[in-house]
file upload_10.txt (compact mmCIF, C-alpha atoms)
# COMPACT_ATOMS: atom_id res chain seq x y z
CA MET A 280 12.26 16.57 11.26
CA ASP A 281 13.59 16.20 7.71
CA ILE A 282 12.93 13.14 5.54
CA LYS A 283 16.31 11.54 6.20
CA GLU A 284 15.93 11.87 9.97
CA LEU A 285 12.39 10.50 9.76
CA TYR A 286 13.62 7.51 7.78
CA GLU A 287 16.39 6.84 10.31
CA GLU A 288 13.96 7.03 13.21
CA ARG A 289 11.56 4.62 11.54
CA SER A 290 14.40 2.29 10.61
CA LYS A 291 15.53 2.15 14.25
CA LEU A 292 12.01 1.25 15.38
CA PHE A 293 12.15 -1.94 13.32
CA HIS A 294 15.79 -2.72 14.03
CA ASP A 295 14.92 -2.58 17.72
CA LEU A 296 11.71 -4.59 17.31
CA TYR A 297 13.38 -7.38 15.35
CA GLY A 298 16.55 -7.21 17.44
CA GLY A 299 14.85 -7.95 20.76
CA ILE A 300 14.88 -4.34 22.04
CA ILE A 301 11.90 -2.27 23.17
CA PRO A 302 11.70 0.58 20.64
CA LYS A 303 10.98 4.26 21.23
CA ARG A 304 7.41 3.77 20.01
CA VAL A 305 5.18 0.98 18.74
CA PRO A 306 6.13 0.56 15.06
CA ILE A 307 3.31 0.86 12.53
CA SER A 308 3.10 -1.17 9.33
CA VAL A 309 -0.07 -0.85 7.29
CA GLY A 310 -0.84 -1.86 3.72
CA ILE A 311 -3.20 -0.19 1.30
CA PRO A 312 -4.35 -1.88 -1.93
CA CYS A 313 -4.00 -0.06 -5.23
CA GLU A 314 -7.68 -0.81 -6.02
CA LEU A 315 -8.78 1.41 -3.12
CA CYS A 316 -6.51 4.20 -4.35
CA MET A 317 -7.92 3.89 -7.87
CA GLN A 318 -11.48 4.08 -6.55
CA ASN A 319 -10.60 7.12 -4.44
CA ALA A 320 -9.31 8.83 -7.61
CA ASN A 321 -12.32 7.69 -9.68
CA LEU A 322 -10.07 5.68 -11.99
CA ASP A 323 -11.36 2.68 -13.91
CA LEU A 324 -10.03 -0.42 -12.14
CA GLY A 325 -9.55 -2.59 -15.19
CA TYR A 326 -7.98 0.04 -17.43
CA THR A 327 -5.69 1.40 -14.73
CA GLN A 328 -4.38 -2.01 -13.72
CA TRP A 329 -3.49 -2.72 -17.34
CA THR A 330 -1.88 0.65 -18.04
CA GLN A 331 -0.95 2.06 -14.58
CA GLU A 332 -1.93 5.48 -15.97
CA GLY A 333 -2.69 7.87 -13.12
CA LEU A 334 -1.79 5.27 -10.52
CA PRO A 335 1.21 7.03 -8.91
CA LYS A 336 -0.86 10.13 -8.10
CA ALA A 337 -3.83 8.03 -6.98
CA ILE A 338 -1.63 6.15 -4.50
CA ASP A 339 0.06 9.36 -3.32
CA ASP A 340 -3.34 11.00 -2.70
CA VAL A 341 -4.15 8.29 -0.14
CA VAL A 342 -0.71 7.57 1.28
CA GLN A 343 0.25 11.17 2.08
CA TYR A 344 -2.10 11.20 5.07
CA MET A 345 -1.05 7.80 6.46
CA LYS A 346 1.15 7.86 9.56
CA THR A 347 2.72 4.50 8.95
CA ASP A 348 6.40 3.69 9.33
CA THR A 349 6.72 1.34 6.35
CA THR A 350 5.85 1.91 2.73
CA PRO A 351 2.10 1.21 2.58
CA SER A 352 2.13 -1.06 -0.45
CA ASP A 353 0.06 -4.20 -0.77
CA ALA A 354 -0.04 -7.36 -2.86
CA PHE A 355 -0.93 -7.01 -6.52
CA ARG A 356 -1.26 -9.17 -9.63
CA VAL A 357 -0.08 -8.34 -13.14
CA PRO A 358 -3.03 -8.55 -15.58
CA LEU A 359 -0.89 -8.72 -18.73
CA PHE A 360 1.09 -11.63 -17.34
CA GLN A 361 -2.07 -13.48 -16.30
CA HIS A 362 -3.60 -12.90 -19.75
CA MET A 363 -0.53 -14.00 -21.72
CA MET A 364 -0.21 -17.15 -19.64
CA GLY A 365 -3.91 -18.03 -19.87
CA SER A 366 -4.36 -17.96 -16.11
CA THR A 367 -7.24 -19.88 -14.56
CA GLY A 368 -6.16 -19.05 -11.00
CA TYR A 369 -6.39 -15.26 -11.27
CA VAL A 370 -9.07 -13.74 -13.50
CA MET A 371 -10.16 -10.12 -13.84
CA SER A 372 -13.88 -9.68 -13.22
CA ARG A 373 -16.17 -7.22 -15.00
CA SER A 374 -15.69 -4.84 -12.06
CA GLY A 375 -11.94 -4.78 -12.66
CA PHE A 376 -10.98 -6.76 -9.57
CA ILE A 377 -8.63 -9.69 -10.08
CA GLN A 378 -10.31 -12.64 -8.42
CA HIS A 379 -8.98 -16.02 -7.32
CA PRO A 380 -11.46 -18.80 -8.17
CA GLU A 381 -10.92 -22.21 -6.64
CA ILE A 382 -9.23 -24.61 -9.04
CA SER A 383 -7.72 -28.08 -8.76
CA THR A 384 -4.72 -28.94 -10.93
CA LEU A 385 -3.47 -32.21 -9.44
CA HIS A 386 -5.64 -35.29 -9.93
CA ALA A 387 -6.16 -37.65 -7.02
CA ASP A 388 -4.46 -40.49 -8.91
CA GLU A 389 -1.35 -38.31 -9.37
CA TYR A 390 -0.43 -38.10 -5.67
CA ASP A 391 2.34 -40.69 -6.08
CA GLU A 392 3.89 -38.75 -8.94
CA PHE A 393 3.74 -35.55 -6.91
CA ILE A 394 5.28 -37.26 -3.87
CA ALA A 395 8.14 -38.64 -6.00
CA ASN A 396 9.22 -35.11 -6.99
CA PRO A 397 6.89 -32.16 -6.32
CA TYR A 398 8.84 -29.62 -8.39
CA ASP A 399 9.03 -31.89 -11.45
CA CYS A 400 5.28 -32.46 -11.19
CA LEU A 401 4.69 -28.75 -10.74
CA ILE A 402 6.59 -27.88 -13.92
CA GLU A 403 5.23 -30.70 -16.05
CA LYS A 404 1.58 -30.90 -15.00
CA ILE A 405 0.41 -28.31 -12.49
CA LEU A 406 1.66 -25.12 -14.16
CA PRO A 407 0.17 -25.95 -17.60
CA ARG A 408 -3.17 -26.57 -15.90
CA ILE A 409 -3.05 -23.26 -14.03
CA TYR A 410 -1.71 -21.39 -17.05
CA THR A 411 -3.42 -23.00 -20.02
CA ASN A 412 -1.36 -21.20 -22.67
CA LEU A 413 1.63 -23.26 -21.53
CA ASP A 414 -0.20 -26.41 -22.62
CA THR A 415 1.23 -26.29 -26.12
CA ASP A 416 4.30 -27.43 -28.03
CA PRO A 417 7.68 -26.86 -26.29
CA LEU A 418 8.87 -24.07 -28.58
CA ARG A 419 5.69 -22.02 -28.30
CA ARG A 420 5.61 -22.68 -24.53
CA GLY A 421 9.10 -21.25 -24.18
CA LEU A 422 8.19 -18.15 -26.17
CA ILE A 423 5.01 -17.53 -24.19
CA PHE A 424 6.82 -17.96 -20.90
CA ALA A 425 9.63 -15.61 -21.96
CA MET A 426 7.21 -12.90 -23.09
CA ALA A 427 5.03 -13.20 -19.98
CA LEU A 428 8.04 -13.16 -17.70
CA GLN A 429 9.32 -9.98 -19.34
CA ALA A 430 5.89 -8.38 -19.02
CA ASN A 431 5.82 -9.33 -15.34
CA THR A 432 9.32 -7.93 -14.81
CA ASN A 433 8.52 -4.63 -16.53
CA TYR A 434 5.27 -4.17 -14.62
CA ARG A 435 6.87 -4.87 -11.27
CA ALA A 436 9.80 -2.59 -12.07
CA GLU A 437 7.33 0.27 -12.62
CA ARG A 438 5.65 -0.52 -9.30
CA ALA A 439 9.07 -0.57 -7.63
CA ARG A 440 9.75 2.90 -8.99
CA MET A 441 6.45 4.12 -7.51
CA THR A 442 7.39 2.61 -4.15
CA ALA A 443 10.84 4.17 -4.23
CA GLY A 444 9.24 7.54 -4.96
CA LEU A 445 7.00 7.23 -1.90
CA GLN A 446 9.96 6.27 0.27
CA GLU A 447 11.97 9.23 -0.93
CA LYS A 448 9.08 11.66 -0.51
CA TYR A 449 7.75 10.52 2.87
CA GLY A 450 10.67 8.77 4.56
CA PHE A 451 9.00 5.38 4.86
CA PHE A 452 11.21 2.56 6.07
CA SER A 453 11.66 -0.33 3.67
CA ASN A 454 13.69 -3.41 4.43
CA ASN A 455 16.41 -4.61 2.07
CA PRO A 456 14.68 -6.85 -0.55
CA ALA A 457 17.62 -9.26 -0.30
CA HIS A 458 16.46 -10.08 3.24
CA ALA A 459 12.90 -10.94 2.20
CA SER A 460 11.49 -14.28 1.10
CA ARG A 461 8.23 -16.20 0.92
CA SER A 462 6.95 -19.71 1.43
CA LEU A 463 3.84 -21.68 2.34
CA ALA A 464 3.00 -24.29 4.92
CA PRO A 465 3.23 -27.63 3.08
CA PHE A 466 -0.43 -28.49 3.72
CA ASP A 467 -1.50 -25.05 2.48
CA PHE A 468 0.66 -25.44 -0.61
CA ILE A 469 -1.10 -28.70 -1.52
CA SER A 470 -4.52 -27.26 -0.60
CA ASP A 471 -4.20 -24.19 -2.79
CA TYR A 472 -3.62 -24.88 -6.48
CA PRO A 473 -2.76 -28.59 -6.64
CA ARG A 474 -5.87 -30.00 -4.92
CA GLY A 475 -8.07 -27.05 -3.98
CA PHE A 476 -10.07 -26.55 -0.80
CA SER A 477 -12.93 -28.93 -1.61
CA ASN A 478 -10.68 -31.81 -2.63
CA ILE A 479 -8.22 -31.56 0.27
CA VAL A 480 -11.08 -31.75 2.78
CA SER A 481 -12.06 -35.14 1.34
CA ASP A 482 -8.45 -36.23 0.71
CA ILE A 483 -7.59 -36.24 4.42
CA LYS A 484 -10.34 -38.83 4.87
CA ARG A 485 -9.87 -40.84 1.68
CA TYR A 486 -6.06 -40.71 1.30
CA PRO A 487 -4.67 -39.62 4.69
CA GLU A 488 -1.28 -41.29 4.26
CA LYS A 489 -0.79 -39.81 0.80
CA VAL A 490 -1.59 -36.33 2.08
CA ILE A 491 0.96 -36.69 4.88
CA ALA A 492 3.54 -38.06 2.46
CA ALA A 493 2.90 -35.12 0.14
CA THR A 494 3.45 -32.58 2.92
CA GLU A 495 6.77 -34.25 3.74
CA ALA A 496 7.77 -34.48 0.07
CA VAL A 497 7.22 -30.78 -0.55
CA LEU A 498 9.19 -29.69 2.54
CA PRO A 499 12.68 -29.48 0.92
CA MET A 500 11.28 -27.33 -1.90
CA LEU A 501 9.50 -24.97 0.51
CA VAL A 502 12.53 -24.71 2.80
CA HIS A 503 14.56 -23.74 -0.25
CA TYR A 504 11.88 -21.24 -1.25
CA ALA A 505 12.07 -19.61 2.18
CA LYS A 506 15.80 -18.92 1.87
CA PRO A 507 16.53 -15.23 1.22
CA ALA A 508 19.36 -13.97 -0.93
CA VAL A 509 20.98 -12.60 2.25
CA PRO A 510 19.78 -13.94 5.64
CA SER A 511 19.25 -11.26 8.29
CA TYR A 512 17.34 -10.85 11.54
CA MET A 513 15.64 -7.95 9.75
CA GLY A 514 14.15 -10.24 7.12
CA ALA A 515 11.36 -12.79 7.21
CA ALA A 516 9.72 -15.37 5.03
CA GLY A 517 6.12 -14.28 4.59
CA MET A 518 3.44 -16.94 4.87
CA PRO A 519 -0.36 -16.76 4.86
CA GLY A 520 -1.92 -19.49 7.02
CA HIS A 521 -5.02 -20.62 5.14
CA MET A 522 -6.35 -23.98 6.27
CA PRO A 523 -5.97 -24.42 10.06
CA THR A 524 -9.30 -22.86 11.05
CA PHE A 525 -11.14 -25.11 8.59
CA MET A 526 -9.71 -28.17 10.34
CA ARG A 527 -10.57 -29.90 13.58
CA THR A 528 -7.71 -29.74 16.08
CA PRO A 529 -6.77 -33.45 15.67
CA GLU A 530 -6.65 -32.92 11.88
CA PHE A 531 -4.46 -29.85 12.34
CA GLU A 532 -2.09 -31.81 14.56
CA LYS A 533 -1.93 -34.73 12.14
CA PHE A 534 -1.86 -33.07 8.71
CA PHE A 535 -0.86 -29.42 9.10
CA TYR A 536 1.34 -28.83 12.11
CA PRO A 537 4.20 -31.39 11.75
CA SER A 538 5.45 -30.12 8.37
CA PHE A 539 4.61 -26.50 9.29
CA TYR A 540 6.78 -26.85 12.40
CA LYS A 541 9.65 -28.41 10.46
CA LEU A 542 9.52 -25.72 7.77
CA ILE A 543 9.73 -22.86 10.25
CA HIS A 544 12.47 -24.45 12.37
CA ALA A 545 14.52 -25.47 9.32
CA THR A 546 14.24 -21.94 7.98
CA ALA A 547 15.35 -20.55 11.34
CA GLU A 548 18.40 -22.81 11.12
CA ASN A 549 19.12 -21.16 7.77
CA GLY A 550 19.09 -17.76 9.49
CA GLN A 551 15.62 -16.63 8.41
CA GLN A 552 12.58 -16.21 10.60
CA PHE A 553 8.97 -16.45 9.49
CA SER A 554 6.17 -13.92 9.43
CA VAL A 555 2.89 -15.87 9.57
CA PHE A 556 -0.49 -14.31 8.85
CA CYS A 557 -2.83 -16.33 11.06
CA GLU A 558 -5.98 -16.01 8.98
CA ASP A 559 -9.34 -16.18 10.75
CA ASN A 560 -9.11 -17.28 14.41
CA TRP A 561 -6.09 -19.32 15.59
CA MET A 562 -6.79 -19.09 19.34
CA ARG A 563 -7.00 -22.87 19.78
CA TYR A 564 -3.51 -23.17 18.31
CA LEU A 565 -1.67 -20.69 20.56
CA ASP A 566 0.22 -23.46 22.38
CA HIS A 567 1.40 -24.83 19.05
CA LEU A 568 2.55 -21.36 17.97
CA TYR A 569 4.47 -20.93 21.20
CA ASP A 570 6.73 -23.82 20.17
CA LEU A 571 7.96 -21.98 17.07
CA PRO A 572 11.41 -20.32 17.17
CA GLN A 573 11.71 -17.19 19.26
CA GLN A 574 10.71 -13.94 17.51
CA THR A 575 8.59 -15.60 14.89
CA ARG A 576 6.34 -12.81 13.65
CA LEU A 577 2.66 -13.63 14.05
CA TYR A 578 0.01 -11.43 12.51
CA PHE A 579 -3.54 -12.23 13.70
CA GLU A 580 -6.85 -11.57 12.04
CA PHE A 581 -9.37 -12.48 14.76
CA GLY A 582 -9.14 -13.70 18.34
CA ASP A 583 -8.37 -12.63 21.88
CA PRO A 584 -5.55 -10.07 22.07
CA GLN A 585 -5.06 -10.40 25.83
CA LEU A 586 -4.84 -14.19 25.75
CA THR A 587 -2.44 -14.01 22.81
CA LYS A 588 -0.23 -11.43 24.55
CA ASP A 589 -0.19 -13.46 27.76
CA LYS A 590 0.77 -16.68 26.02
CA LEU A 591 3.08 -15.48 23.24
CA GLY A 592 4.11 -11.91 23.98
CA LYS A 593 7.40 -12.65 25.74
CA LYS A 594 8.64 -14.95 22.97
CA HIS A 595 7.17 -13.88 19.62
CA ILE A 596 6.56 -10.62 17.77
CA LEU A 597 2.84 -9.94 17.46
CA GLY A 598 0.58 -7.80 15.29
CA GLY A 599 -2.98 -7.54 14.02
CA PHE A 600 -6.36 -7.81 15.78
CA TYR A 601 -7.57 -4.28 14.99
CA PRO A 602 -10.85 -4.81 13.03
CA ILE A 603 -10.68 -2.85 9.80
CA THR A 604 -14.48 -3.06 9.64
CA LEU A 605 -14.69 -0.73 12.65
CA THR A 606 -13.18 2.10 10.59
CA LYS A 607 -16.26 1.79 8.37
CA THR A 608 -18.98 1.20 10.97
CA GLY A 609 -17.72 3.12 14.02
CA SER A 610 -17.40 6.76 14.90
CA LYS A 611 -13.99 8.43 14.89
CA GLN A 612 -13.87 8.30 18.70
CA GLN A 613 -14.85 4.62 18.77
CA CYS A 614 -12.04 3.88 16.32
CA ILE A 615 -9.51 5.78 18.44
CA ASP A 616 -10.74 4.11 21.63
CA LYS A 617 -10.25 0.69 20.03
CA ALA A 618 -6.70 1.61 19.06
CA LYS A 619 -5.96 2.71 22.63
CA GLU A 620 -7.47 -0.50 24.01
CA LEU A 621 -5.37 -2.66 21.71
CA VAL A 622 -2.13 -0.76 22.32
CA ASP A 623 -2.68 -0.95 26.10
CA ILE A 624 -2.95 -4.73 25.83
CA MET A 625 -0.31 -5.51 23.22
CA ALA A 626 2.44 -2.92 23.67
CA PRO A 627 3.78 -3.60 27.21
CA GLY A 628 7.11 -5.42 27.06
CA GLY A 629 7.60 -4.72 23.37
CA ASN A 630 7.47 -7.43 20.69
CA TYR A 631 4.52 -5.69 19.03
CA TRP A 632 3.85 -3.74 15.87
CA PHE A 633 0.54 -2.08 15.06
CA CYS A 634 -1.43 -3.17 12.02
CA PHE A 635 -5.05 -3.80 11.16
CA ASP A 636 -6.44 -7.33 10.98
CA LYS A 637 -6.34 -6.95 7.20
CA SER A 638 -5.94 -4.25 4.61
CA PRO A 639 -9.12 -2.49 3.49
CA LEU A 640 -10.09 -4.18 0.25
CA THR A 641 -12.08 -1.36 -1.31
CA LEU A 642 -12.89 2.29 -0.69
CA GLY A 643 -16.29 1.12 0.51
CA SER A 644 -14.78 -1.10 3.21
CA THR A 645 -13.33 1.78 5.25
CA ASN A 646 -13.92 5.40 6.12
CA LEU A 647 -10.56 6.98 5.32
CA GLU A 648 -11.04 9.72 7.91
CA ASN A 649 -11.35 7.07 10.64
CA PHE A 650 -8.56 5.01 9.10
CA TYR A 651 -6.20 7.99 9.29
CA ALA A 652 -7.35 8.87 12.81
CA VAL A 653 -6.37 5.43 14.11
CA LEU A 654 -2.88 5.74 12.63
CA ASP A 655 -2.55 9.29 14.00
CA TYR A 656 -3.41 8.08 17.50
CA VAL A 657 -0.86 5.26 17.52
CA ALA A 658 1.91 7.40 15.99
CA GLU A 659 1.36 10.19 18.52
CA ASN A 660 0.64 8.19 21.68
CA ALA A 661 2.14 4.68 21.65
CA PHE A 662 5.51 5.60 23.18
CA TYR A 663 7.45 3.44 25.63
CA ASP A 664 8.77 4.63 28.99
CA ASN A 665 11.34 1.80 29.04
CA ALA A 666 12.69 2.04 25.48
CA GLY A 667 16.05 0.34 25.09
CA GLU A 668 15.34 -2.55 27.46
CA ALA A 669 15.41 -6.15 26.22
CA SER A 670 12.09 -7.56 25.03
CA VAL A 671 13.28 -11.19 25.07
CA THR A 672 15.15 -13.13 27.72
CA THR A 673 16.58 -16.15 25.89
CA LYS A 674 18.80 -16.72 22.88
CA LYS A 675 16.92 -17.41 19.67
CA GLU A 676 19.29 -20.29 18.90
CA ASP A 677 18.13 -22.08 22.06
CA THR A 678 14.55 -22.17 20.76
CA ILE A 679 15.33 -23.73 17.37
CA THR A 680 14.88 -27.46 16.85
CA ALA A 681 17.57 -28.93 14.58
CA THR A 682 15.61 -30.06 11.54
CA LEU A 683 17.77 -29.66 8.43
CA LYS A 684 19.84 -32.75 9.18
CA ASP A 685 16.76 -34.91 8.68
CA LEU A 686 15.59 -33.26 5.46
CA PRO A 687 16.76 -34.34 2.01
CA ASP A 688 18.23 -31.67 -0.25
CA PHE A 689 15.93 -30.03 -2.75
CA LYS A 690 16.53 -31.67 -6.13
CA SER A 691 14.84 -31.57 -9.51
CA LYS A 692 15.82 -32.11 -13.11
CA TYR A 693 14.51 -28.57 -13.65
CA TYR A 694 16.89 -27.07 -11.08
CA VAL A 695 20.69 -27.26 -11.17
CA ASN A 696 22.60 -26.31 -8.03
CA ALA A 697 26.00 -24.62 -8.12
CA ALA A 698 27.99 -27.68 -7.07
CA ASP A 699 26.57 -29.87 -9.82
CA TYR A 700 26.94 -27.12 -12.39
CA GLU A 701 30.56 -26.48 -11.43
CA ALA A 702 31.34 -30.22 -11.68
CA SER A 703 30.01 -30.17 -15.25
CA LEU A 704 32.15 -27.20 -16.35
CA ASP A 705 35.03 -27.61 -18.76
CA TYR A 706 35.90 -23.96 -19.19
CA ILE A 707 39.11 -22.65 -20.68
CA LEU A 708 39.82 -20.63 -17.53
CA PRO A 709 39.38 -23.03 -14.58
CA GLU A 710 39.82 -20.24 -12.04
CA LEU A 711 36.46 -18.85 -13.22
CA HIS A 712 34.55 -22.04 -12.43
CA GLY A 713 33.40 -20.88 -8.98
CA LEU A 714 32.41 -17.46 -10.25
CA ILE A 715 30.47 -18.85 -13.21
CA ALA A 716 28.69 -21.42 -11.05
CA LYS A 717 27.74 -18.74 -8.51
CA GLN A 718 26.31 -16.48 -11.21
CA VAL A 719 24.35 -19.31 -12.82
CA GLN A 720 23.08 -20.38 -9.39
CA SER A 721 21.69 -16.89 -8.78
CA TYR A 722 19.58 -17.16 -11.93
CA GLU A 723 18.50 -20.72 -11.14
CA ASP A 724 17.28 -19.49 -7.75
CA SER A 725 15.65 -16.42 -9.26
CA MET A 726 13.69 -18.56 -11.73
CA PHE A 727 12.79 -21.04 -8.99
CA ARG A 728 11.41 -18.25 -6.77
CA THR A 729 9.60 -16.71 -9.73
CA ILE A 730 7.87 -19.98 -10.61
CA LEU A 731 6.81 -20.61 -7.00
CA GLY A 732 5.61 -17.01 -6.86
CA PHE A 733 3.24 -17.69 -9.76
CA LEU A 734 1.20 -19.95 -7.48
call {"tool": "encode", "arguments": {"input": "upload_10.txt", "output": "structure tokens"}}
result
Amino acid sequence: MDIKELYEERSKLFHDLYGGIIPKRVPISVGIPCELCMQNANLDLGYTQWTQEGLPKAIDDVVQYMKTDTTPSDAFRVPLFQHMMGSTGYVMSRSGFIQHPEISTLHADEYDEFIANPYDCLIEKILPRIYTNLDTDPLRRGLIFAMALQANTNYRAERARMTAGLQEKYGFFSNNPAHASRSLAPFDFISDYPRGFSNIVSDIKRYPEKVIAATEAVLPMLVHYAKPAVPSYMGAAGMPGHMPTFMRTPEFEKFFYPSFYKLIHATAENGQQFSVFCEDNWMRYLDHLYDLPQQTRLYFEFGDPQLTKDKLGKKHILGGFYPITLTKTGSKQQCIDKAKELVDIMAPGGNYWFCFDKSPLTLGSTNLENFYAVLDYVAENAFYDNAGEASVTTKKEDTITATLKDLPDFKSKYYVNAADYEASLDYILPELHGLIAKQVQSYEDSMFRTILGFL
């Protein structure tokens, strides 16, 4: 099979999966971090992340043996950007790894200000506390931000070229970037940078009503963040689910779930589904997850695969559960047997893609021979006898709760929407007003997504 045919076959696997059809085979989507590739090539982590010298070959040396259907890229941070901005949230350690220390950038007595307008507060107070080099005079702040943004853009463009090269060489499927988006559960958003883990745990006892008000206040901003450039059933808003397993169930139901539910349903109304990484063990929340819109993508770290399949498998698209640690501690046969066990449980009826419970963080956290063997087994054995049949029985629209009508529009003095911009125009060629406003809006949204992506 040539590369073009391989790409088309892999593309159809995901079009079927996301379109409610049982595919020819269980699709495989596995990430691999660049740090592991650097270690495998004996490259210095710090130097290589700053320069990217030798990185394309290092990634290729690992990826060429991976039988995965999607480009096996993983999340990364840009060290030059972090340095220029004076980041306190992402710091490179002596080993070369970029670490994420816990920080708190919103003071407890600033909840009311945050609730009044989260994005204004983010721009004025939270960002300069995360990125200390922005805490300077306005002119210097603008220059620093412009330089750092250009550095970030250049670095990511080079990574995009590497990814495109892998796709062209190996026929990996990659979804249209215009269909992709990101967001966070409102409670997670507040728990991350603004308050931090330690503070939010005490906040729900000391200021419960303020925490709830904050999750509601941030909803319009996070719904807007989840909007893709072009909605499509192929796309999804990616979301890591951080806090639920650190909460008692009544706390989850009071502080986390209501705004989480609204965010996902409002986004579904906008034509975009969510892909939620259920970090740690979400088994006590399966009934809550069932109530999300049909074909929400749920990627599990730990838990009971059979229980999850039984409860959610006919409604949602599921992945995860394969313990990456087994590829390090088990024999090759044990690793293959685990893959067979998981596929036998999760594959029937469709609505399943294969992935590990997490990406291997370092070369020392996996045995690559076992890692490859697992992917080989799934790619060569996880075929369906009933490919082409429907994997869902109801219309997605019937599972969406109308939510947008009750949410205020996202507004901030630091964000101008197209309608307001067009109303302010006094251009010599009035027929260009709509075009100009649309173009300006695209850059407003790009900057908005960029700023939220810095968190």
call {"tool": "residues_around", "arguments": {"input": "upload_10.txt", "residues": "Lys594 (chain A)", "least_positions_apart": "4", "cutoff": "9 Å", "atoms": "all atoms listed in the file", "output": "list in words"}}
result
Tyr569, Pro572, Gln573, Gln574, Thr575, Lys590, Asn630, Ser670, Val671, Thr672 and Thr673 of chain A
call {"tool": "atom_distance", "arguments": {"input": "upload_10.txt", "atom1": "CA of Gly517 (chain A)", "atom2": "CA of Asp391 (chain A)"}}
result
28.7 Å
call {"tool": "closest_residue", "arguments": {"input": "upload_10.txt", "among": "A:Ile596, A:Ala698, A:Met726, A:Val657", "to": "Asp295 (chain A)", "atoms": "only C-alpha atoms"}}
result
A:Ile596
call {"tool": "atom_distance", "arguments": {"input": "upload_10.txt", "atom1": "CA of Ser460 (chain A)", "atom2": "CA of Leu285 (chain A)"}}
result
26.3 Å
call {"tool": "residues_around", "arguments": {"input": "upload_10.txt", "residues": "His567 (chain A)", "least_positions_apart": "2", "cutoff": "12 Å", "atoms": "all atoms listed in the file", "output": "compact mmCIF listing (two decimals) with C-alpha atoms, in the coordinates of the input"}}
result
# COMPACT_ATOMS: atom_id res chain seq x y z
CA PRO A 523 -5.97 -24.42 10.06
CA THR A 528 -7.71 -29.74 16.08
CA PHE A 531 -4.46 -29.85 12.34
CA GLU A 532 -2.09 -31.81 14.56
CA PHE A 535 -0.86 -29.42 9.10
CA TYR A 536 1.34 -28.83 12.11
CA PRO A 537 4.20 -31.39 11.75
CA PHE A 539 4.61 -26.50 9.29
CA TYR A 540 6.78 -26.85 12.40
CA TRP A 561 -6.09 -19.32 15.59
CA MET A 562 -6.79 -19.09 19.34
CA ARG A 563 -7.00 -22.87 19.78
CA TYR A 564 -3.51 -23.17 18.31
CA LEU A 565 -1.67 -20.69 20.56
CA TYR A 569 4.47 -20.93 21.20
CA ASP A 570 6.73 -23.82 20.17
CA LEU A 571 7.96 -21.98 17.07
CA PRO A 572 11.41 -20.32 17.17
CA LYS A 590 0.77 -16.68 26.02
CA LEU A 591 3.08 -15.48 23.24
call {"tool": "residues_around", "arguments": {"input": "upload_10.txt", "residues": "Ala496 (chain A)", "least_positions_apart": "6", "cutoff": "8 Å", "atoms": "all atoms listed in the file", "output": "PyMOL selection string"}}
result
chain A and resi 394-397
call {"tool": "closest_residue", "arguments": {"input": "upload_10.txt", "among": "A:Asp482, A:Ile300, A:Ile615, A:Glu710", "to": "Ala658 (chain A)", "atoms": "all atoms listed in the file"}}
result
A:Ile615
